[in-house]
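> Sharing data.cif here; it has mmCIF, C-alpha atoms.
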data_work
#
loop_
_atom_site.group_PDB
_atom_site.id
_atom_site.type_symbol
_atom_site.label_atom_id
_atom_site.label_comp_id
_atom_site.auth_asym_id
_atom_site.auth_seq_id
_atom_site.Cartn_x
_atom_site.Cartn_y
_atom_site.Cartn_z
ATOM 1 C CA MET A 1390 -17.882 -30.711 -29.772
ATOM 2 C CA VAL A 1391 -18.358 -29.158 -33.220
ATOM 3 C CA LYS A 1392 -17.041 -25.779 -32.168
ATOM 4 C CA GLU A 1393 -13.979 -27.303 -30.554
ATOM 5 C CA GLU A 1394 -13.272 -29.456 -33.606
ATOM 6 C CA ASN A 1395 -13.575 -26.450 -35.903
ATOM 7 C CA MET A 1396 -11.197 -24.501 -33.727
ATOM 8 C CA LYS A 1397 -8.709 -27.344 -33.736
ATOM 9 C CA GLN A 1398 -8.819 -27.641 -37.519
ATOM 10 C CA GLU A 1399 -8.412 -23.906 -37.903
ATOM 11 C CA ILE A 1400 -5.347 -23.854 -35.649
ATOM 12 C CA ILE A 1401 -3.811 -26.741 -37.590
ATOM 13 C CA ARG A 1402 -4.569 -25.128 -40.940
ATOM 14 C CA GLN A 1403 -3.529 -21.582 -40.151
ATOM 15 C CA LEU A 1404 -0.506 -22.168 -37.961
ATOM 16 C CA ASN A 1405 0.943 -25.459 -39.251
ATOM 17 C CA VAL A 1406 0.725 -27.018 -35.798
ATOM 18 C CA PRO A 1407 1.427 -30.786 -35.912
ATOM 19 C CA GLU A 1408 -1.777 -32.693 -35.294
ATOM 20 C CA ASP A 1409 -0.438 -34.660 -32.299
ATOM 21 C CA LYS A 1410 0.390 -31.447 -30.414
ATOM 22 C CA ILE A 1411 -3.199 -30.326 -30.196
ATOM 23 C CA ARG A 1412 -6.008 -32.303 -28.691
ATOM 24 C CA ILE A 1413 -9.517 -31.867 -27.404
ATOM 25 C CA VAL A 1414 -9.318 -33.151 -23.858
ATOM 26 C CA ARG A 1415 -13.059 -33.140 -23.396
ATOM 27 C CA GLU A 1416 -15.987 -30.886 -24.045
ATOM 28 C CA ARG A 1417 -14.895 -27.231 -23.980
ATOM 29 C CA ARG A 1418 -11.249 -28.046 -23.220
ATOM 30 C CA ILE A 1419 -8.540 -27.744 -25.849
ATOM 31 C CA SER A 1420 -4.912 -28.345 -25.042
ATOM 32 C CA LEU A 1421 -2.050 -27.226 -27.243
ATOM 33 C CA GLU A 1422 1.670 -27.705 -26.846
ATOM 34 C CA ALA A 1423 4.017 -25.408 -28.699
ATOM 35 C CA ASP A 1424 7.700 -24.539 -28.951
ATOM 36 C CA TYR A 1425 8.496 -21.142 -27.565
ATOM 37 C CA ALA A 1426 9.652 -19.992 -31.009
ATOM 38 C CA VAL A 1427 6.076 -20.139 -32.356
ATOM 39 C CA PHE A 1428 4.313 -19.346 -29.077
ATOM 40 C CA GLY A 1429 3.927 -15.636 -29.819
ATOM 41 C CA LYS A 1430 2.270 -16.336 -33.139
ATOM 42 C CA ILE A 1431 -0.137 -18.875 -31.666
ATOM 43 C CA LEU A 1432 -1.092 -16.577 -28.788
ATOM 44 C CA ASP A 1433 -1.712 -13.730 -31.195
ATOM 45 C CA PHE A 1434 -3.915 -15.976 -33.342
ATOM 46 C CA ALA A 1435 -5.817 -17.351 -30.363
ATOM 47 C CA VAL A 1436 -6.520 -13.913 -28.942
ATOM 48 C CA LYS A 1437 -7.236 -11.981 -32.128
ATOM 49 C CA GLN A 1438 -8.785 -14.575 -34.467
ATOM 50 C CA LEU A 1439 -10.317 -17.172 -32.159
ATOM 51 C CA ARG A 1440 -11.402 -14.533 -29.604
ATOM 52 C CA PHE A 1441 -9.918 -16.085 -26.489
ATOM 53 C CA ASP A 1442 -10.165 -12.892 -24.509
ATOM 54 C CA TYR A 1443 -9.779 -14.081 -20.940
ATOM 55 C CA LEU A 1444 -6.534 -15.076 -19.294
ATOM 56 C CA CYS A 1445 -7.574 -17.302 -16.395
ATOM 57 C CA ALA A 1446 -4.162 -18.245 -15.062
ATOM 58 C CA ILE A 1447 -0.560 -18.919 -15.902
ATOM 59 C CA THR A 1448 0.796 -22.133 -14.438
ATOM 60 C CA GLY A 1449 4.506 -22.647 -13.949
ATOM 61 C CA LEU A 1450 6.169 -26.057 -13.905
ATOM 62 C CA ASP A 1451 9.670 -27.221 -13.150
ATOM 63 C CA ASP A 1452 10.350 -30.006 -15.676
ATOM 64 C CA GLY A 1453 13.931 -30.866 -14.800
ATOM 65 C CA ASP A 1454 16.121 -28.955 -17.212
ATOM 66 C CA ARG A 1455 13.218 -26.950 -18.616
ATOM 67 C CA LEU A 1456 10.650 -24.585 -17.188
ATOM 68 C CA SER A 1457 7.153 -25.052 -18.608
ATOM 69 C CA PHE A 1458 4.331 -22.583 -18.576
ATOM 70 C CA ILE A 1459 0.660 -23.182 -19.237
ATOM 71 C CA TYR A 1460 -1.394 -20.185 -20.293
ATOM 72 C CA GLU A 1461 -5.058 -20.856 -19.620
ATOM 73 C CA LEU A 1462 -7.108 -18.825 -22.058
ATOM 74 C CA ALA A 1463 -10.886 -18.760 -22.153
ATOM 75 C CA GLN A 1464 -13.790 -17.550 -24.207
ATOM 76 C CA GLY A 1465 -17.025 -16.064 -23.004
ATOM 77 C CA ASP A 1466 -18.952 -19.228 -23.912
ATOM 78 C CA GLY A 1467 -16.790 -21.426 -21.711
ATOM 79 C CA ILE A 1468 -14.252 -22.933 -24.107
ATOM 80 C CA MET A 1469 -10.793 -23.060 -22.578
ATOM 81 C CA LEU A 1470 -7.466 -23.333 -24.334
ATOM 82 C CA SER A 1471 -4.435 -24.542 -22.387
ATOM 83 C CA LEU A 1472 -1.414 -23.244 -24.200
ATOM 84 C CA LYS A 1473 1.680 -25.039 -22.989
ATOM 85 C CA THR A 1474 5.186 -23.972 -23.803
ATOM 86 C CA SER A 1475 8.617 -24.375 -22.270
ATOM 87 C CA VAL A 1476 12.005 -22.680 -22.134
ATOM 88 C CA PRO A 1477 15.400 -24.060 -21.031
ATOM 89 C CA LYS A 1478 16.128 -23.561 -17.338
ATOM 90 C CA SER A 1479 19.596 -22.229 -18.107
ATOM 91 C CA HIS A 1480 18.101 -19.353 -20.099
ATOM 92 C CA PRO A 1481 14.483 -18.920 -18.997
ATOM 93 C CA VAL A 1482 13.481 -15.851 -20.954
ATOM 94 C CA LEU A 1483 9.853 -15.154 -21.781
ATOM 95 C CA LYS A 1484 8.148 -12.292 -23.526
ATOM 96 C CA THR A 1485 5.421 -10.548 -21.577
ATOM 97 C CA VAL A 1486 1.790 -11.069 -22.591
ATOM 98 C CA THR A 1487 0.672 -7.806 -20.948
ATOM 99 C CA PRO A 1488 -0.011 -6.183 -24.359
ATOM 100 C CA TYR A 1489 -2.844 -8.711 -24.735
ATOM 101 C CA PHE A 1490 -3.871 -9.078 -21.082
ATOM 102 C CA LEU A 1491 -3.059 -6.287 -18.669
ATOM 103 C CA CYS A 1492 -3.831 -8.562 -15.728
ATOM 104 C CA ALA A 1493 -0.999 -10.913 -16.740
ATOM 105 C CA ASP A 1494 1.369 -8.554 -14.956
ATOM 106 C CA VAL A 1495 0.566 -10.170 -11.582
ATOM 107 C CA TYR A 1496 0.999 -13.723 -12.891
ATOM 108 C CA GLU A 1497 4.251 -12.875 -14.608
ATOM 109 C CA ARG A 1498 5.673 -11.315 -11.462
ATOM 110 C CA GLU A 1499 4.899 -14.592 -9.734
ATOM 111 C CA LEU A 1500 6.784 -16.477 -12.444
ATOM 112 C CA VAL A 1501 9.735 -14.156 -11.914
ATOM 113 C CA ASP A 1502 9.722 -14.502 -8.128
ATOM 114 C CA LEU A 1503 8.797 -18.142 -7.697
ATOM 115 C CA PHE A 1504 10.352 -19.786 -10.776
ATOM 116 C CA GLY A 1505 13.136 -17.409 -11.697
ATOM 117 C CA ALA A 1506 11.836 -16.786 -15.203
ATOM 118 C CA GLN A 1507 12.957 -13.589 -16.849
ATOM 119 C CA VAL A 1508 10.060 -11.771 -18.429
ATOM 120 C CA GLU A 1509 10.980 -9.256 -21.107
ATOM 121 C CA GLY A 1510 8.842 -6.145 -21.311
ATOM 122 C CA LEU A 1511 7.277 -6.501 -17.869
ATOM 123 C CA PRO A 1512 6.506 -3.008 -16.501
ATOM 124 C CA GLU A 1513 8.643 -1.799 -13.597
ATOM 125 C CA GLY A 1514 7.172 -2.473 -10.175
ATOM 126 C CA ASN A 1515 7.586 -3.977 -6.744
ATOM 127 C CA ARG A 1516 8.421 -7.611 -6.383
ATOM 128 C CA TYR A 1517 5.517 -9.941 -5.823
ATOM 129 C CA PRO A 1518 4.651 -12.113 -3.894
ATOM 130 C CA LEU A 1519 7.867 -12.680 -1.924
ATOM 131 C CA THR A 1520 9.207 -10.331 0.732
ATOM 132 C CA ASP A 1521 11.623 -7.542 -0.188
ATOM 133 C CA ASP A 1522 14.529 -9.184 1.647
ATOM 134 C CA TRP A 1523 14.169 -12.535 -0.132
ATOM 135 C CA PRO A 1524 17.523 -13.677 -1.614
ATOM 136 C CA LYS A 1525 17.739 -12.847 -5.335
ATOM 137 C CA ASP A 1526 19.071 -16.253 -6.404
ATOM 138 C CA GLN A 1527 16.458 -18.459 -4.724
ATOM 139 C CA PHE A 1528 13.258 -19.566 -6.385
ATOM 140 C CA PRO A 1529 11.024 -21.473 -3.988
ATOM 141 C CA LEU A 1530 8.820 -23.332 -6.469
ATOM 142 C CA ARG A 1531 11.730 -24.908 -8.308
ATOM 143 C CA LYS A 1532 12.212 -28.553 -7.427
ATOM 144 C CA ASP A 1533 15.777 -28.074 -6.161
ATOM 145 C CA TRP A 1534 14.757 -25.504 -3.536
ATOM 146 C CA THR A 1535 14.632 -26.597 0.103
ATOM 147 C CA PRO A 1536 13.765 -24.507 3.165
ATOM 148 C CA ASP A 1537 17.293 -25.088 4.524
ATOM 149 C CA LEU A 1538 18.606 -22.690 1.890
ATOM 150 C CA LEU A 1539 17.021 -19.839 3.820
ATOM 151 C CA LYS A 1540 18.569 -20.645 7.194
ATOM 152 C CA MET B 1271 1.801 -1.465 46.189
ATOM 153 C CA GLY B 1272 -0.307 1.651 45.793
ATOM 154 C CA VAL B 1273 -4.067 1.601 45.930
ATOM 155 C CA ILE B 1274 -4.413 2.961 42.426
ATOM 156 C CA SER B 1275 -2.225 0.338 40.814
ATOM 157 C CA ARG B 1276 -4.180 -2.342 42.684
ATOM 158 C CA VAL B 1277 -7.413 -0.950 41.318
ATOM 159 C CA VAL B 1278 -5.906 -0.898 37.825
ATOM 160 C CA THR B 1279 -4.801 -4.514 38.101
ATOM 161 C CA TRP B 1280 -8.209 -5.538 39.420
ATOM 162 C CA ALA B 1281 -9.874 -3.766 36.508
ATOM 163 C CA ARG B 1282 -7.507 -5.375 34.048
ATOM 164 C CA ILE B 1283 -8.223 -8.873 35.289
ATOM 165 C CA LYS B 1284 -11.962 -8.213 35.313
ATOM 166 C CA SER B 1285 -12.003 -6.821 31.791
ATOM 167 C CA PRO B 1286 -9.199 -7.968 29.511
ATOM 168 C CA TRP B 1287 -9.689 -6.230 26.202
ATOM 169 C CA VAL B 1288 -8.639 -8.334 23.269
ATOM 170 C CA LEU B 1289 -7.403 -7.598 19.803
ATOM 171 C CA HIS B 1290 -7.775 -10.221 17.121
ATOM 172 C CA PHE B 1291 -5.009 -10.360 14.540
ATOM 173 C CA ASN B 1292 -4.807 -12.807 11.661
ATOM 174 C CA THR B 1293 -1.140 -13.527 11.001
ATOM 175 C CA GLY B 1294 -1.804 -15.771 8.035
ATOM 176 C CA ALA B 1295 -4.546 -18.159 9.111
ATOM 177 C CA CYS B 1296 -6.874 -19.986 6.757
ATOM 178 C CA ASN B 1297 -9.848 -18.250 8.461
ATOM 179 C CA ALA B 1298 -11.063 -21.295 10.373
ATOM 180 C CA CYS B 1299 -9.528 -20.116 13.658
ATOM 181 C CA ASP B 1300 -10.774 -16.584 12.968
ATOM 182 C CA ILE B 1301 -14.324 -17.831 12.695
ATOM 183 C CA GLU B 1302 -13.933 -19.757 15.957
ATOM 184 C CA ILE B 1303 -12.615 -16.591 17.617
ATOM 185 C CA VAL B 1304 -15.621 -14.678 16.345
ATOM 186 C CA ALA B 1305 -17.874 -17.467 17.642
ATOM 187 C CA ALA B 1306 -16.207 -17.172 21.039
ATOM 188 C CA LEU B 1307 -16.767 -13.411 21.097
ATOM 189 C CA THR B 1308 -20.405 -13.461 20.029
ATOM 190 C CA PRO B 1309 -23.385 -14.407 22.250
ATOM 191 C CA ARG B 1310 -23.325 -18.167 21.776
ATOM 192 C CA TYR B 1311 -20.058 -18.622 23.704
ATOM 193 C CA ASP B 1312 -19.852 -15.021 24.859
ATOM 194 C CA ILE B 1313 -16.452 -14.351 26.406
ATOM 195 C CA GLU B 1314 -17.762 -10.923 27.227
ATOM 196 C CA ARG B 1315 -19.114 -12.434 30.445
ATOM 197 C CA PHE B 1316 -15.469 -12.507 31.554
ATOM 198 C CA GLY B 1317 -15.214 -8.863 30.563
ATOM 199 C CA ALA B 1318 -13.307 -9.662 27.398
ATOM 200 C CA GLN B 1319 -14.230 -7.222 24.699
ATOM 201 C CA LEU B 1320 -12.994 -6.975 21.142
ATOM 202 C CA LYS B 1321 -11.085 -3.786 20.445
ATOM 203 C CA GLY B 1322 -10.247 -2.249 17.120
ATOM 204 C CA THR B 1323 -6.829 -0.953 18.031
ATOM 205 C CA PRO B 1324 -3.751 -2.448 19.719
ATOM 206 C CA ARG B 1325 -3.449 0.704 21.861
ATOM 207 C CA HIS B 1326 -6.582 -0.255 23.786
ATOM 208 C CA ALA B 1327 -5.882 -3.977 24.002
ATOM 209 C CA ASP B 1328 -4.403 -6.082 26.798
ATOM 210 C CA VAL B 1329 -4.507 -9.427 25.028
ATOM 211 C CA LEU B 1330 -3.487 -10.139 21.446
ATOM 212 C CA LEU B 1331 -5.286 -13.111 19.893
ATOM 213 C CA CYS B 1332 -3.107 -14.330 17.045
ATOM 214 C CA SER B 1333 -4.386 -16.920 14.608
ATOM 215 C CA GLY B 1334 -2.300 -18.624 11.975
ATOM 216 C CA PRO B 1335 1.391 -19.131 11.278
ATOM 217 C CA VAL B 1336 3.522 -16.026 10.897
ATOM 218 C CA THR B 1337 4.123 -15.415 7.226
ATOM 219 C CA ARG B 1338 7.232 -13.560 6.180
ATOM 220 C CA GLN B 1339 5.163 -10.672 4.904
ATOM 221 C CA ILE B 1340 3.206 -10.224 8.147
ATOM 222 C CA GLU B 1341 6.196 -10.586 10.489
ATOM 223 C CA ASP B 1342 7.033 -6.853 10.602
ATOM 224 C CA ARG B 1343 3.385 -5.921 11.034
ATOM 225 C CA LEU B 1344 2.943 -8.366 13.913
ATOM 226 C CA VAL B 1345 5.954 -6.921 15.741
ATOM 227 C CA ARG B 1346 4.701 -3.390 15.110
ATOM 228 C CA ILE B 1347 1.237 -4.207 16.490
ATOM 229 C CA TYR B 1348 2.775 -5.934 19.488
ATOM 230 C CA ARG B 1349 4.914 -2.870 20.245
ATOM 231 C CA GLN B 1350 1.873 -0.597 20.078
ATOM 232 C CA MET B 1351 0.149 -2.451 22.912
ATOM 233 C CA PRO B 1352 0.548 -0.937 26.372
ATOM 234 C CA GLU B 1353 2.265 -2.924 29.136
ATOM 235 C CA PRO B 1354 1.412 -5.355 30.600
ATOM 236 C CA LYS B 1355 0.476 -7.262 27.459
ATOM 237 C CA PHE B 1356 -0.312 -10.881 26.751
ATOM 238 C CA VAL B 1357 -0.398 -12.946 23.602
ATOM 239 C CA ILE B 1358 -2.583 -15.994 22.986
ATOM 240 C CA ALA B 1359 -1.641 -18.190 20.036
ATOM 241 C CA VAL B 1360 -4.881 -19.624 18.662
ATOM 242 C CA GLY B 1361 -4.696 -22.830 16.651
ATOM 243 C CA THR B 1362 -2.020 -25.365 15.842
ATOM 244 C CA CYS B 1363 -0.471 -23.176 13.151
ATOM 245 C CA ALA B 1364 -0.061 -20.284 15.579
ATOM 246 C CA CYS B 1365 1.504 -22.620 18.153
ATOM 247 C CA SER B 1366 4.109 -24.251 15.939
ATOM 248 C CA GLY B 1367 3.589 -23.420 12.285
ATOM 249 C CA GLY B 1368 1.549 -26.586 11.863
ATOM 250 C CA VAL B 1369 1.307 -27.960 8.348
ATOM 251 C CA PHE B 1370 2.823 -24.756 7.007
ATOM 252 C CA GLN B 1371 6.156 -25.318 8.686
ATOM 253 C CA ASP B 1372 9.059 -25.107 6.207
ATOM 254 C CA CYS B 1373 6.869 -23.408 3.646
ATOM 255 C CA TYR B 1374 8.839 -20.782 1.752
ATOM 256 C CA ASN B 1375 6.523 -17.965 2.773
ATOM 257 C CA VAL B 1376 6.050 -18.932 6.410
ATOM 258 C CA LYS B 1377 8.345 -18.088 9.295
ATOM 259 C CA SER B 1378 7.002 -20.396 12.027
ATOM 260 C CA GLY B 1379 4.693 -20.179 15.046
ATOM 261 C CA ILE B 1380 3.956 -16.900 16.817
ATOM 262 C CA ASP B 1381 6.610 -17.556 19.452
ATOM 263 C CA ALA B 1382 9.371 -17.295 16.837
ATOM 264 C CA VAL B 1383 8.614 -13.579 16.615
ATOM 265 C CA ILE B 1384 6.997 -12.369 19.854
ATOM 266 C CA PRO B 1385 6.659 -13.918 23.340
ATOM 267 C CA VAL B 1386 3.478 -15.953 23.825
ATOM 268 C CA SER B 1387 1.594 -16.326 27.126
ATOM 269 C CA ALA B 1388 -0.882 -19.065 26.211
ATOM 270 C CA TYR B 1389 -1.137 -21.668 23.474
ATOM 271 C CA VAL B 1390 -4.472 -22.996 22.232
ATOM 272 C CA PRO B 1391 -3.941 -26.026 19.986
ATOM 273 C CA GLY B 1392 -6.588 -27.396 17.644
ATOM 274 C CA CYS B 1393 -7.355 -27.210 13.972
ATOM 275 C CA PRO B 1394 -9.356 -25.071 14.271
ATOM 276 C CA ALA B 1395 -9.127 -24.263 17.972
ATOM 277 C CA SER B 1396 -12.630 -24.546 19.409
ATOM 278 C CA PRO B 1397 -14.264 -21.596 21.188
ATOM 279 C CA LYS B 1398 -14.375 -23.673 24.375
ATOM 280 C CA ALA B 1399 -10.606 -24.165 24.236
ATOM 281 C CA LEU B 1400 -10.200 -20.446 23.704
ATOM 282 C CA ILE B 1401 -12.391 -19.659 26.724
ATOM 283 C CA ASN B 1402 -10.339 -22.132 28.748
ATOM 284 C CA ALA B 1403 -7.131 -20.375 27.717
ATOM 285 C CA ILE B 1404 -8.473 -16.938 28.606
ATOM 286 C CA VAL B 1405 -9.767 -18.108 31.984
ATOM 287 C CA LYS B 1406 -6.459 -19.810 32.753
ATOM 288 C CA LEU B 1407 -4.520 -16.745 31.723
ATOM 289 C CA LEU B 1408 -6.634 -14.522 33.955
ATOM 290 C CA LYS B 1409 -6.346 -16.992 36.811
ATOM 291 C CA SER B 1410 -2.571 -17.059 36.576
ATOM 292 C CA LEU B 1411 -2.578 -13.252 36.581
ATOM 293 C CA GLU B 1412 -4.774 -13.227 39.655
ATOM 294 C CA GLU B 1413 -2.505 -15.692 41.415
ATOM 295 C CA SER B 1414 0.689 -13.822 40.607
ATOM 296 C CA GLU B 1415 -1.015 -10.643 41.766
ATOM 297 C CA ALA B 1416 -2.010 -12.293 45.039
ATOM 298 C CA LYS B 1417 1.578 -13.456 45.549
ATOM 299 C CA LYS B 1418 2.879 -9.949 44.938
ATOM 300 C CA ASN B 1419 0.414 -8.522 47.440
ATOM 301 C CA ALA B 1420 1.296 -11.135 50.048
ATOM 302 C CA LYS B 1421 4.961 -10.175 49.712
ATOM 303 C CA ALA B 1422 4.149 -6.469 49.989
ATOM 304 C CA VAL B 1423 2.205 -7.015 53.218
#
Translate this file's structure into structure tokens.

Amino acid sequence: MVKEENMKQEIIRQLNVPEDKIRIVRERRISLEADYAVFGKILDFAVKQLRFDYLCAITGLDDGDRLSFIYELAQGDGIMLSLKTSVPKSHPVLKTVTPYFLCADVYERELVDLFGAQVEGLPEGNRYPLTDDWPKDQFPLRKDWTPDLLK
Amino acid sequence: MGVISRVVTWARIKSPWVLHFNTGACNACDIEIVAALTPRYDIERFGAQLKGTPRHADVLLCSGPVTRQIEDRLVRIYRQMPEPKFVIAVGTCACSGGVFQDCYNVKSGIDAVIPVSAYVPGCPASPKALINAIVKLLKSLEESEAKKNAKAV
């Protein structure tokens, strides 16, 4: 747990993250909640300074009037950092993380299609994973979506 | 009825060539279909042989619910098959959509898209059930053929 503790202290020291927002869930698992305003800075620090160079997944959540996203970052030696952030549902704009992780393109397209997030800087491409004739204003993984909307 | 067409029908009933198409299954039904085709259950003793192309197939074995992405492909494959053609829906999902019904990416069972001749329920459908379906399908063909012939004479 020494490595994890050091990492936690470094994040707190360097980025002024409040201590209750970051916790070591268990061995090799660190969880961090951040406002979207400072998210870019934290991601940059995690990738470039702490060497989290794998993006395992991006999880999307519908939290009522906000959309939350969890970026699961990992290191080669097995330490994972869950970076959680959220944006208001009325204006769900995110910045792309493809400059750091090229593979994030697929995950971000899923956020666009399934949650209706708007990702700035995402390269042009086909929609994924929904069909081409899917209605533009329906997002199936939001809580208010029901299959009747399609009929 | 001409002699040639009777020979063709006889040949068709004695050797129904099948095409296996996964329309969105979880793979369990696919494995059971493979088990039915291979020597342990061996539907080849009924003349059923797996074909690689819909143009050579008489029977389409569909496993899984029809996803919205595969819908067009399923219709296209169905249209490529020569007449007369038959469809067997393998597994509960293929019959009705199963647990995937009302999922945002799933249309429904096979019969929502193309006509189905035989339904094989089960999760996954067992090879024995599949053999039963094929035998029943062939039997019904034989019977309808016999009726036709009786009328002709």
> Identify all chain B residues at most 12 Å from chain A by counting only C-alpha atoms; ligands do not count. Present them as a list in words.
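In the required form, that comes to Thr1337, Arg1338, Gln1339, Ile1340, Glu1341, Asp1342, Phe1370, Gln1371, Asp1372, Cys1373, Tyr1374, Asn1375, Val1376, Lys1377 and Ser1378 of chain B.
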> For the structure shown, which residues end up in the PyMOL selection byres ((chain A and resi 1442-1452) around 8)? Put them as a PyMOL selection string, please?
chain A and resi 1436+1440-1441+1453-1465+1490+1492-1493+1496-1497+1500+1504+1530-1532
> Tell me, in Å to one decimal, how far CA of Val1508 in chain A is from CA of Lys1540 in chain A.
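Separating CA of Val1508 in chain A from CA of Lys1540 in chain A is a distance of 28.4 Å.
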> For CA of Glu1408 in chain A and CA of Gly1467 in chain A, determine how far apart the two atoms are, in Å to one decimal place.
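For CA of Glu1408 in chain A relative to CA of Gly1467 in chain A, the distance reads 23.2 Å.
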> Quick check on the file I pasted: which residues fall under the PyMOL selection byres ((chain B and resi 1393) around 10)? Write them as a VMD selection string.
chain B and resid 1298 to 1299 1360 to 1363 1368 1390 to 1392 1394 to 1396
> Do you know which residues the PyMOL selection byres ((chain A and resi 1510) around 8) returns on this file, as a PyMOL selection string?
chain A and resi 1484-1485+1508-1509+1511-1512
> Just the residues within 10 Å of Pro1286 in chain B, please, counting all atoms listed in the file, with nothing from its chain fewer than 4 positions along; format it as number ranges by chain.
B: 1281-1282, 1314, 1316-1320, 1326-1329, 1355-1356, 1404, 1408
> Just the residues within 9 Å of range 1410-1417 of chain B, please, counting all atoms listed in the file, with nothing from its chain fewer than 2 positions along; format it as a PDB file with C-alpha atoms, in the coordinates of the input.

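Full text of result04.pdb as output:
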ATOM      1  CA  ARG B1276      -4.180  -2.342  42.684  1.00  0.00           C
ATOM      2  CA  THR B1279      -4.801  -4.514  38.101  1.00  0.00           C
ATOM      3  CA  TRP B1280      -8.209  -5.538  39.420  1.00  0.00           C
ATOM      4  CA  ILE B1283      -8.223  -8.873  35.289  1.00  0.00           C
ATOM      5  CA  VAL B1405      -9.767 -18.108  31.984  1.00  0.00           C
ATOM      6  CA  LYS B1406      -6.459 -19.810  32.753  1.00  0.00           C
ATOM      7  CA  LEU B1407      -4.520 -16.745  31.723  1.00  0.00           C
ATOM      8  CA  LEU B1408      -6.634 -14.522  33.955  1.00  0.00           C
ATOM      9  CA  ASN B1419       0.414  -8.522  47.440  1.00  0.00           C
ATOM     10  CA  ALA B1420       1.296 -11.135  50.048  1.00  0.00           C
ATOM     11  CA  LYS B1421       4.961 -10.175  49.712  1.00  0.00           C
ATOM     12  CA  ALA B1422       4.149  -6.469  49.989  1.00  0.00           C
TER      13      ALA B1422
END
> When you draw a straight line from CA of Leu1483 in chain A to CA of Asn1515 in chain A, how long is it in Å?
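These two atoms are separated by 18.9 Å.
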> Might you pull out every residue within 7 Å of Tyr1517 in chain A, with all atoms listed in the file counted and same-chain residues fewer than 6 positions away left off, and present them as an MDAnalysis selection string?
chainID A and resid 1498:1499 1502
> Taking 5 positions as the minimum chain separation for residues in the same chain, which residues sit within 10 Å of Ala1382 in chain B when counting all atoms listed in the file? Answer as a ChimeraX atom specification.
/B:1335-1336,1341,1364-1367,1377
> Would you write out those residues with C-alpha atoms, as a compact mmCIF listing (two decimals), in the frame of the given file?

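Final output, saved to result.txt:
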# COMPACT_ATOMS: atom_id res chain seq x y z
CA PRO B 1335 1.39 -19.13 11.28
CA VAL B 1336 3.52 -16.03 10.90
CA GLU B 1341 6.20 -10.59 10.49
CA ALA B 1364 -0.06 -20.28 15.58
CA CYS B 1365 1.50 -22.62 18.15
CA SER B 1366 4.11 -24.25 15.94
CA GLY B 1367 3.59 -23.42 12.28
CA LYS B 1377 8.35 -18.09 9.30
> Show me the residues close to (-1.9, -11.3, 16.2) - anything with an atom within 10 Å, counting all atoms listed in the file - and format the list as a list in words.
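All residues meeting the 10 Å criterion around (-1.9, -11.3, 16.2) are Leu1289, His1290, Phe1291, Asn1292, Thr1293, Gly1294, Pro1324, Val1329, Leu1330, Leu1331, Cys1332, Ser1333, Gly1334, Pro1335, Val1336, Ile1340, Glu1341, Arg1343, Leu1344, Val1345, Ile1347, Tyr1348, Val1357, Ile1358, Ala1359, Val1360, Ala1364, Ile1380 and Ile1384 of chain B.
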> Find the residues near Gln1507 in chain A: any atom within 7 Å, counting all atoms listed in the file, skip ones fewer than 6 places away on the same chain, and give them as an NGL selection string.
:A and (1481-1483 or 1501)
